[in-house]
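Below is one structure, written out as C-alpha cells; comments come after it.
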Amino acid sequence: MTFWGVSMNLQLILLLTILAIPSQLSAVSKIRFDAFPDYDSHLKSVLPSFHSSQSSVEVSFIMNNHDDHHTKLTNNLATGSGAGDVVAVDISRLGAFINSGGFVNLDQAPYNSQSLEKYFPAYAWNQGKGSDGKQYAIPTDLGPGLLYFRRDHLQASGMKLDKVIEDWDSFLAWGHQLKKNGVALIADAEDIALLMIYSGVEDGNGIFFDGKGKSLLLSDRFINAVNLAKKVRKEGLDLNVRSWTNEWYQVLREGKVASQLSGAWLLGHLQNWIAPKSKGMWGVANLPNKVYGSWGGSFLSITKQSKNPKAAWDFINFMVMPKTQMQGLKKIAAFPARVDTYKDPMFQEKIPYLNGQKARILFAEIAQKIKPIKPFKGDPIARTIFLNALEEAVDQGRDTKTVLQEANSLLKRRTRRL
C-alpha cells in the first residue's frame with residue numbers, strides 16, 4: 001500500500017526523520033557568561049571562533065560594571081537563581097565566592113581540571129582552590145603590577161626612570177620635582193597604600209588574613225601603607241581624584257598626572273577608550289621600591305545553577321587556550337594566565353601606544369615573580385573595612401594606628417561566623 005506514491009516503510013522513515021528534527025535542534029546547549037568590561041570587547045572577537053568549533057554550544061553574555069557584577073553574583077548565589085553558567089570573578093572577591101559553596105568542584109569528572117594545572121603559575125592556580133583544597137576557579141588573566149608613567153613629564157622633571165623607582169623616597173622626590181611644573185605625581189594617594197598591601201605579602205598569607213585566618217590590619221605592612229599615603233596627600237603630591245571616576249579619566253586624558261599604579265590590563269583601557277589620543281606619551285616600568293605584586297586578575301567558574309555544566313567547561317577550556325589568551329592580550333591587554341604563551345612572538349612586538357616599548361616582556365617577568373596570595377572568604381569584607389579606614393586616615397587626617405585598630409575590631413566582629 002502506498003500513500004502519495006510513497007511506500008509505507010519510506011513514509012515511516014520520513015515521519016521519524018521529521019519528528020527527530022526538533023530534538024536535534026534542542027541538542028544545542030545554551031550557556032551564559034556573566035562578566036565585566038572589557039570582557040565584552042574580547043568576546044566579540046573570539047566567540048565566532050568558538051561557535052564554529054563548538055556548533056552544539058551557543059554562548060550569550062551579560063556585562064555589568066565591576067562592582068555591580070560582583071554584587072549581582074553575590075545575590076544570585078545567595079538566592080540560588082539568576083547566575084550565569086560561567087562567571088568571571090576578580091581575584092579580590094574570589095575567596096568569598098569560592099567558599100560560599102555556589103561553584104562547581106572542577107577537580108571531579110568530567111572536568112578533571114588537574115590536567116590544566118601545569119600551564120599556570122602556581123600562585124595563580126592555588127588561588128582558585130577552596131579551603132577544602134578543591135579547584136573551583138581557573139585563572140584566565142593576571143594583573144602584574146606596574147608603574148605607568150608619562151614620558152614627557154619624566155623628561156621635564158630632569159630625573160632618570162631608574163632613580164624614580166629606586167625606592168619610595170625617590171618616588172616622592174620625583175613628585176616634588178613634578179609639583180614645580182604644576183603636575184601631580186599620582187591621581188590618588190590611596191592607590192599607593194593599596195599597592196603596598198597587595199605586594200610584600202608573606203608566604204602562606206592572604207592580603208588581609210594570615211594563614212590561620214587572623215587579621216593582618218595591625219601589621220607593619222598596613223601601617224606603613226597608610227602612613228605613606230598620608231604623606232603623599234599632606235605634601236600635595238596627588239589630586240585626590242578617585243580611580244574609575246569621570247574626573248580620573250579626564251586627568252589621565254589631559255596629562256595632569258605623571259603616573260598611575262595599576263595592572264598590565266590598564267594598557268587596554270588607556271589605548272582603547274580612556275586616553276587613545278595619548279598614544280606614544282606613556283611608558284611602563286617596575287613598581288617603585290623593587291616590589292612585585294599582583295594588581296587584579298580574573299578567574300572563571302561554573303555555577304551550580306548551570307543546567308549545561310559540560311558546555312560551560314568547554315567554554316572555559318576555550319577561554320584559556322593559548323590562541324584565545326593571546327587574542328585577549330592583543331585586544332584588551334588582558335595578560336595571559338598561561339605561562340606557555342610567554343614565548344609567543346607577540347611578546348617581542350613593540351607597542352605603539354607605549355612609544356614602541358616591548359612592554360609585554362616586562363609583564364611576563366613580573367608575572368613570574370609574584371608570590372602566592374591565599375584568598376579568604378572574608379576578603380571583600382576586610383577590603384571594604386580597610387578602604388573606609390584608609391579614607392579616614394588620608395582624607396580626614398586621623399591617626400593611623402587608631403583607625404586600623406578600629407577597623408581590626410570591626411573586622412573581627414563581621415567575620416566571627418565565617
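By order of appearance in the C-alpha cells: chains A, B, ..., then residues from 1 within every chain, and ligands from 1 in the order shown.
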
Discussion item. Taking 3 positions as the minimum chain separation for residues in the same chain, which residues sit within 10 Å of Leu116 in chain A when counting only C-alpha atoms? Answer as a count of residues only.
Written reply: 9

Selection near Val59 in chain A, 8 Å with only C-alpha atoms, sequence-local residues under 5 positions removed, as a short mmCIF file (atom, residue, chain, number, x, y, z; two decimals) with N, CA and C atoms, in the first residue's frame:
```
data_model
loop_
_atom_site.label_atom_id
_atom_site.label_comp_id
_atom_site.auth_asym_id
_atom_site.auth_seq_id
_atom_site.Cartn_x
_atom_site.Cartn_y
_atom_site.Cartn_z
N LYS A 30 22.71 25.92 25.41
CA LYS A 30 22.82 27.36 25.56
C LYS A 30 23.39 27.70 26.94
N ILE A 31 24.46 28.48 26.95
CA ILE A 31 25.05 28.90 28.22
C ILE A 31 25.25 30.42 28.21
N ARG A 32 25.31 30.98 29.41
CA ARG A 32 25.50 32.42 29.54
C ARG A 32 26.75 32.70 30.35
N PHE A 33 27.49 33.70 29.92
CA PHE A 33 28.72 34.13 30.59
C PHE A 33 28.48 35.49 31.21
N LEU A 47 34.34 34.83 20.10
CA LEU A 47 33.17 33.94 20.08
C LEU A 47 32.88 33.31 18.71
N HIS A 51 32.11 29.35 18.36
CA HIS A 51 30.87 28.80 17.80
C HIS A 51 31.13 27.95 16.56
#
```

Range 80-200 of chain A: residues DSSP assigns to helix (DSSP H, G or I), reported as a PDB file with C-alpha atoms, in the first residue's frame:
```pdb
ATOM      1  CA  ILE A  91      40.883  37.951  42.489  1.00  0.00           C
ATOM      2  CA  SER A  92      39.927  40.469  45.199  1.00  0.00           C
ATOM      3  CA  ARG A  93      36.493  38.803  45.535  1.00  0.00           C
ATOM      4  CA  LEU A  94      37.450  35.224  44.744  1.00  0.00           C
ATOM      5  CA  GLY A  95      37.847  33.774  48.247  1.00  0.00           C
ATOM      6  CA  ALA A  96      34.351  34.777  49.331  1.00  0.00           C
ATOM      7  CA  PHE A  97      32.694  33.284  46.260  1.00  0.00           C
ATOM      8  CA  ILE A  98      34.666  30.043  46.271  1.00  0.00           C
ATOM      9  CA  SER A 113      40.925  20.394  35.972  1.00  0.00           C
ATOM     10  CA  GLN A 114      44.206  18.908  37.228  1.00  0.00           C
ATOM     11  CA  SER A 115      45.173  18.379  33.593  1.00  0.00           C
ATOM     12  CA  LEU A 116      45.429  22.167  33.165  1.00  0.00           C
ATOM     13  CA  GLU A 117      47.483  22.914  36.280  1.00  0.00           C
ATOM     14  CA  LYS A 118      50.878  22.660  34.571  1.00  0.00           C
ATOM     15  CA  TYR A 119      50.056  25.598  32.295  1.00  0.00           C
ATOM     16  CA  ALA A 122      51.491  28.010  40.963  1.00  0.00           C
ATOM     17  CA  TYR A 123      50.363  31.117  42.841  1.00  0.00           C
ATOM     18  CA  ALA A 124      47.507  31.780  40.394  1.00  0.00           C
ATOM     19  CA  TRP A 125      46.379  28.163  40.249  1.00  0.00           C
ATOM     20  CA  ASN A 126      46.326  27.820  44.033  1.00  0.00           C
ATOM     21  CA  GLN A 127      44.232  30.972  44.360  1.00  0.00           C
ATOM     22  CA  ARG A 151      57.373  60.209  29.245  1.00  0.00           C
ATOM     23  CA  ASP A 152      57.012  63.969  28.724  1.00  0.00           C
ATOM     24  CA  HIS A 153      56.660  64.698  32.451  1.00  0.00           C
ATOM     25  CA  LEU A 154      59.585  62.436  33.297  1.00  0.00           C
ATOM     26  CA  GLN A 155      61.822  64.249  30.827  1.00  0.00           C
ATOM     27  CA  ALA A 156      60.704  67.677  32.052  1.00  0.00           C
ATOM     28  CA  SER A 157      61.452  66.733  35.661  1.00  0.00           C
ATOM     29  CA  LEU A 161      63.478  56.495  35.492  1.00  0.00           C
ATOM     30  CA  ASP A 162      65.818  54.159  37.386  1.00  0.00           C
ATOM     31  CA  LYS A 163      66.167  56.763  40.120  1.00  0.00           C
ATOM     32  CA  VAL A 164      62.426  57.425  40.247  1.00  0.00           C
ATOM     33  CA  TRP A 168      59.601  55.269  47.892  1.00  0.00           C
ATOM     34  CA  ASP A 169      61.719  58.254  48.920  1.00  0.00           C
ATOM     35  CA  SER A 170      62.921  58.642  45.339  1.00  0.00           C
ATOM     36  CA  PHE A 171      59.409  58.271  44.030  1.00  0.00           C
ATOM     37  CA  LEU A 172      58.168  61.059  46.284  1.00  0.00           C
ATOM     38  CA  ALA A 173      61.215  63.180  45.387  1.00  0.00           C
ATOM     39  CA  TRP A 174      60.112  62.879  41.771  1.00  0.00           C
ATOM     40  CA  GLY A 175      56.699  64.056  42.893  1.00  0.00           C
ATOM     41  CA  HIS A 176      58.201  67.251  44.309  1.00  0.00           C
ATOM     42  CA  GLN A 177      60.034  67.909  41.048  1.00  0.00           C
ATOM     43  CA  LEU A 178      56.795  67.399  39.145  1.00  0.00           C
ATOM     44  CA  LYS A 179      54.939  69.706  41.502  1.00  0.00           C
ATOM     45  CA  LYS A 180      57.243  72.560  40.477  1.00  0.00           C
ATOM     46  CA  GLU A 190      45.326  55.908  48.373  1.00  0.00           C
ATOM     47  CA  ASP A 191      46.428  53.910  45.321  1.00  0.00           C
ATOM     48  CA  ILE A 192      49.918  53.810  46.820  1.00  0.00           C
ATOM     49  CA  ALA A 193      48.538  52.284  50.010  1.00  0.00           C
ATOM     50  CA  LEU A 194      46.654  49.660  48.005  1.00  0.00           C
ATOM     51  CA  LEU A 195      49.797  48.793  46.080  1.00  0.00           C
ATOM     52  CA  MET A 196      51.743  48.322  49.295  1.00  0.00           C
ATOM     53  CA  ILE A 197      49.197  45.989  50.864  1.00  0.00           C
ATOM     54  CA  TYR A 198      48.897  43.949  47.665  1.00  0.00           C
TER      55      TYR A 198
END
```

Worksheet item: Using only C-alpha atoms, which residue out of A:Lys374, A:Lys214, A:Lys230, A:Lys160 lies closest to Asp395 in chain A?
Response: A:Lys230

Item to complete: Measuring atom to atom with only C-alpha atoms, identify which of A:Gly102, A:Gly356, A:His70, A:Glu58 is nearest to Ser306 in chain A.
Response: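 Nearest to Ser306 in chain A: A:Gly102.
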
Worksheet item: How far is it from CA of Ile223 in chain A to CA of Ile165 in chain A, in Å with one decimal?
Response: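 Taking CA of Ile223 in chain A as the start and CA of Ile165 in chain A as the end point, the length is 21.2 Å.
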
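In the backbone-derived DSSP annotation, strand (DSSP E or B) within range 276-348 of chain A comprises Trp282, Gly283, Val284, Ala285, Gly293, Ser294, Trp295, Gly296, Gly297, Ser298, Phe299, Leu300, Ser301, Ile302, Thr303, Phe335 and Pro336 of chain A.
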
Worksheet entry | Length of the CA of Asn408 in chain A to CA of Leu73 in chain A vector [Å] |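 Pair CA of Asn408 in chain A / CA of Leu73 in chain A returns 26.9 Å.
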
Item to complete: Considering only C-alpha atoms, return as a ChimeraX atom specification whatever protein or nucleic-acid residues lie within 10 Å of Leu404 in chain A, sequence-local ones (same chain, fewer than 6 positions apart) excluded.
Response: /A:216-219,222-223,226,385-386,388-390,392-393,410

Go ahead and write the residues just picked, N, CA and C atoms, as a compact mmCIF listing (two decimals), in the first residue's frame.
```txt
# COMPACT_ATOMS: atom_id res chain seq x y z
N LEU A 216 45.31 40.85 59.60
CA LEU A 216 46.64 41.47 59.48
C LEU A 216 46.57 42.99 59.46
N LEU A 217 45.42 43.55 59.76
CA LEU A 217 45.25 45.00 59.64
C LEU A 217 46.17 45.80 60.54
N LEU A 218 46.69 45.19 61.60
CA LEU A 218 47.59 45.91 62.50
C LEU A 218 49.06 45.60 62.22
N SER A 219 49.34 44.92 61.12
CA SER A 219 50.72 44.58 60.78
C SER A 219 51.44 45.79 60.20
N PHE A 222 50.37 47.20 56.69
CA PHE A 222 49.23 48.11 56.61
C PHE A 222 49.56 49.47 57.22
N ILE A 223 50.28 49.48 58.32
CA ILE A 223 50.65 50.75 58.96
C ILE A 223 51.52 51.59 58.02
N VAL A 226 49.45 52.98 54.96
CA VAL A 226 48.60 54.13 55.28
C VAL A 226 49.46 55.38 55.53
N ILE A 385 36.26 47.39 54.80
CA ILE A 385 36.59 47.98 56.10
C ILE A 385 37.91 48.74 56.02
N PHE A 386 38.90 48.15 55.34
CA PHE A 386 40.19 48.83 55.22
C PHE A 386 40.09 50.11 54.40
N ASN A 388 37.61 52.08 54.07
CA ASN A 388 36.98 53.12 54.90
C ASN A 388 37.98 53.70 55.89
N ALA A 389 38.79 52.82 56.48
CA ALA A 389 39.81 53.28 57.43
C ALA A 389 40.87 54.12 56.72
N LEU A 390 41.25 53.68 55.53
CA LEU A 390 42.25 54.42 54.75
C LEU A 390 41.74 55.82 54.40
N GLU A 392 39.55 57.59 56.08
CA GLU A 392 39.54 58.41 57.29
C GLU A 392 40.94 58.91 57.63
N ALA A 393 41.94 58.06 57.41
CA ALA A 393 43.32 58.45 57.72
C ALA A 393 43.86 59.47 56.74
N LEU A 410 36.31 45.89 64.09
CA LEU A 410 35.12 45.73 63.26
C LEU A 410 35.23 44.47 62.40
```

Worksheet entry | Between CA of Lys369 in chain A and CA of Gly145 in chain A, distance in Å (one decimal) |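 Interatomic distance, CA of Lys369 in chain A to CA of Gly145 in chain A: 10.8 Å.
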
Discussion item. Need to verify the contact set: range 242-247 of chain A, 10 Å, only C-alpha atoms, exclusion of same-chain residues closer than 6 positions in sequence. Can you return it as a VMD selection string?
Written reply: chain A and resid 187 to 191 253 260 274

Hey, can you spit out that residue selection with all heavy atoms as a short mmCIF file (atom, residue, chain, number, x, y, z; two decimals), in the first residue's frame?
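Result went into result.cif, see below:
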```
data_model
loop_
_atom_site.label_atom_id
_atom_site.label_comp_id
_atom_site.auth_asym_id
_atom_site.auth_seq_id
_atom_site.Cartn_x
_atom_site.Cartn_y
_atom_site.Cartn_z
N ALA A 187 47.15 60.41 40.79
CA ALA A 187 45.79 60.94 40.94
C ALA A 187 45.29 60.81 42.37
O ALA A 187 44.68 61.72 42.93
CB ALA A 187 44.84 60.23 39.99
N ASP A 188 45.55 59.66 42.99
CA ASP A 188 45.02 59.39 44.33
C ASP A 188 46.08 58.73 45.20
O ASP A 188 46.56 57.64 44.88
CB ASP A 188 43.78 58.49 44.24
CG ASP A 188 43.06 58.33 45.56
OD1 ASP A 188 43.48 58.93 46.56
OD2 ASP A 188 42.06 57.59 45.59
N ALA A 189 46.42 59.37 46.30
CA ALA A 189 47.43 58.84 47.22
C ALA A 189 47.05 57.45 47.74
O ALA A 189 47.93 56.63 48.04
CB ALA A 189 47.61 59.79 48.39
N GLU A 190 45.77 57.19 47.83
CA GLU A 190 45.33 55.91 48.37
C GLU A 190 45.72 54.73 47.49
O GLU A 190 45.81 53.60 47.96
CB GLU A 190 43.82 55.94 48.62
CG GLU A 190 43.43 56.94 49.71
CD GLU A 190 41.94 57.01 49.97
OE1 GLU A 190 41.20 56.10 49.53
OE2 GLU A 190 41.51 57.97 50.63
N ASP A 191 45.97 54.98 46.20
CA ASP A 191 46.43 53.91 45.32
C ASP A 191 47.78 53.37 45.78
O ASP A 191 48.07 52.18 45.61
CB ASP A 191 46.54 54.41 43.87
CG ASP A 191 45.19 54.48 43.17
OD1 ASP A 191 44.21 53.95 43.72
OD2 ASP A 191 45.12 55.07 42.08
N ARG A 253 43.53 61.80 30.53
CA ARG A 253 43.49 62.29 29.15
C ARG A 253 44.29 63.58 28.99
O ARG A 253 44.97 63.79 27.98
CB ARG A 253 42.05 62.54 28.72
CG ARG A 253 41.21 61.29 28.53
CD ARG A 253 39.85 61.61 27.97
NE ARG A 253 38.99 60.43 27.95
CZ ARG A 253 37.90 60.28 28.68
NH1 ARG A 253 37.50 61.27 29.46
NH2 ARG A 253 37.19 59.17 28.61
N GLN A 260 50.57 56.38 37.16
CA GLN A 260 49.42 55.63 37.67
C GLN A 260 49.90 54.23 38.01
O GLN A 260 50.52 53.56 37.19
CB GLN A 260 48.29 55.57 36.64
CG GLN A 260 47.09 54.76 37.09
CD GLN A 260 46.38 55.39 38.27
OE1 GLN A 260 46.17 56.60 38.31
NE2 GLN A 260 46.01 54.58 39.25
N ILE A 274 40.10 55.28 27.35
CA ILE A 274 40.35 56.35 28.32
C ILE A 274 41.13 57.49 27.69
O ILE A 274 40.73 58.66 27.76
CB ILE A 274 41.09 55.82 29.57
CG1 ILE A 274 40.22 54.87 30.37
CG2 ILE A 274 41.51 57.00 30.47
CD1 ILE A 274 40.89 54.29 31.61
#
```
